[in-house]
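Here's the structure we're looking at; comments come further down.
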Amino acid sequence: MTWDEVNGVIVITLPDDFDKDANLGYLTREKNECMYAIENDVITKVIAIGEIRSLVQINVMNNKQMNVHFLNDSRPIEKWKREEVVNYIYEWFDLNNDLTSFFEMAKTDPLLKMPAQKFYGLRVIGIPDLFEALCWGVLGQQINLSFAYSLKRQFVEKYGDSVEWNGKKYWVFPSYEQIAQLTPTDLADIKMTVKKSEYIIGIANLMADGALSREQLMNMSFKDAEKSLLKIRGIGPWTANYVLMRCLRFQTAFPIDDVGLINSIKLIRNMDRKPTKDEIVELSCPWKNWESYATFYLWRVLY
DNA sequence: ATCCAGGAAAGGA
DNA sequence: TCCTTTCATGGA
């Protein structure tokens, strides 16, 4: 990690293969996103780490540097707390990752060649908070993205906290402690299906009991982490791999049945039918150890 | 109104 | 382990 503090502003030096427009382009693509706001290349967001809640503005200056300001006197006095905020930003943008070999591989890959050029410097944007990532995975099952974003917003606005600044609210994702107290009927009025409500409340209970945490999963091998996630009700192969990819940052995570992935491959290869699973397995051979990056770039072609 | 979609669970072999 | 069926609901 390369960062510094100048007059209360955190200055993060970005890795070589970071592209400002590619990453901001991804973040601004969904107007109904409720977990951050972006205006003039400045991201405003509450970064919550346990009890610590910092309302920050992340100013992406160029491809080399990000400046992080704390708003509302939310700058933690203790250095280790500020360090946690910086950690979050590193996780969010995958700043510790060296993408050189991904782009090297993508140059000659029939599927990745175009997206890797078009979106060069895009990182797999993470969801560092495990509960948020799991909820987003479960929420997004079976429905289109716009409905998924609407569901997330309703869920967050009903059970999350917010911090106000300049007349605007910035949301904190609901805590698993709080959601663990709910019953499925509590979630009925936000158009969440009973099953999804049960899944989310079940996950919240596991986390509240200490039976499931980011730390535990991070200390496992990819296969073991996948297995423990699959044991949880409501989490199938798609959700497990989605979370392994976006929260735990296992690069080999690969939601191979994802419809977006299928459609992207169909589009790039100009096929008149969907590729079969066997075909995708074959096509993904060159992606070894970069499956999650490959998937993310292919998704970006569609959305 | 009818059908399809895109995930997971449950049941069966 | 690997199918097939069922489920619930929004969108075309």
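If you're wondering about the labels, chains in the structure tokens are A, B, ... by order shown, residues count from 1 in each chain, ligands from 1 in order shown.
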
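Interface residues of chain B facing chain A, defined by any atom at most 9 Å away and using only C-alpha atoms (C1' of nucleotides), are DA5, DG6, DG7, DA8 and DA9 of chain B.
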
If you take only C-alpha atoms (C1' of nucleotides) and a cut-off of 10 Å, which residues of chain C touch chain A, and what are their nearest atom pairs and distances in Å to one decimal, in chain and number order, as JSON lines?
```
{"residue": "C:DC7", "atom": "C1'", "partner": "A:Lys195", "partner_atom": "CA", "distance": 9.4}
{"residue": "C:DA8", "atom": "C1'", "partner": "A:Thr193", "partner_atom": "CA", "distance": 7.2}
{"residue": "C:DT9", "atom": "C1'", "partner": "A:Thr193", "partner_atom": "CA", "distance": 7.9}
{"residue": "C:DG10", "atom": "C1'", "partner": "A:Ile143", "partner_atom": "CA", "distance": 7.3}
{"residue": "C:DG11", "atom": "C1'", "partner": "A:Asn144", "partner_atom": "CA", "distance": 9.0}
```

Practice prompt. Using DSSP on the backbone coordinates, identify all residues within range 44-197 of chain A classified as helix (DSSP H, G or I); present the result as a PyMOL selection string.
Written response: chain A and resi 79-93+100-107+113-118+130-139+145-159+176-179+184-190+194-197

Discussion item. As a count of residues only, please: every residue in range 47-82 of chain A that DSSP puts in strand (DSSP E or B).
Written reply: 18

Fill in: Neighbour list for Glu177 in chain A as a PyMOL selection string, cut-off 10 Å, only C-alpha atoms (C1' of nucleotides), skip fewer than 5 positions in-chain
chain A and resi 182+201+204-209

Worksheet entry | Gap from CA of Thr2 in chain A to CA of Lys118 in chain A - Å, one decimal | 27.3 Å

If you count only C-alpha atoms (C1' of nucleotides), which residues fall within 10 Å of DT5 in chain C, apart from same-chain ones fewer than 3 positions away, as an mmCIF file with N, CA and C atoms (P, O5', C5', C4', C3', O3' and C1' of nucleotides), in the first residue's frame?
```
data_model
loop_
_atom_site.group_PDB
_atom_site.id
_atom_site.type_symbol
_atom_site.label_atom_id
_atom_site.label_comp_id
_atom_site.auth_asym_id
_atom_site.auth_seq_id
_atom_site.Cartn_x
_atom_site.Cartn_y
_atom_site.Cartn_z
ATOM 1 P P DA B 10 -34.717 -27.441 0.733
ATOM 2 O "O5'" DA B 10 -35.466 -28.588 -0.075
ATOM 3 C "C5'" DA B 10 -36.624 -28.271 -0.840
ATOM 4 C "C4'" DA B 10 -37.004 -29.481 -1.674
ATOM 5 C "C3'" DA B 10 -36.672 -30.823 -1.014
ATOM 6 O "O3'" DA B 10 -37.745 -31.715 -1.256
ATOM 7 C "C1'" DA B 10 -35.663 -30.716 -3.127
ATOM 8 P P DG B 11 -37.910 -33.054 -0.431
ATOM 9 O "O5'" DG B 11 -38.259 -34.101 -1.579
ATOM 10 C "C5'" DG B 11 -38.851 -33.666 -2.800
ATOM 11 C "C4'" DG B 11 -38.383 -34.551 -3.929
ATOM 12 C "C3'" DG B 11 -38.082 -35.993 -3.528
ATOM 13 O "O3'" DG B 11 -38.735 -36.863 -4.438
ATOM 14 C "C1'" DG B 11 -36.292 -35.099 -4.767
ATOM 15 P P DG B 12 -38.806 -38.418 -4.194
ATOM 16 O "O5'" DG B 12 -37.998 -38.960 -5.444
ATOM 17 C "C5'" DG B 12 -38.196 -38.375 -6.729
ATOM 18 C "C4'" DG B 12 -37.165 -38.928 -7.692
ATOM 19 C "C3'" DG B 12 -36.805 -40.395 -7.425
ATOM 20 O "O3'" DG B 12 -36.753 -41.078 -8.674
ATOM 21 C "C1'" DG B 12 -34.845 -39.077 -7.450
#
```

Worksheet item: Neighbours of Gly121 in chain A within 8 Å (only C-alpha atoms (C1' of nucleotides); same-chain residues fewer than 3 positions away dropped), as a PyMOL selection string?
Response: chain A and resi 17-20+22-23

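Nearest residue to Met66 in chain A among A:Val11, A:Leu261, A:Leu187, A:Ile38 is A:Val11, counting only C-alpha atoms.
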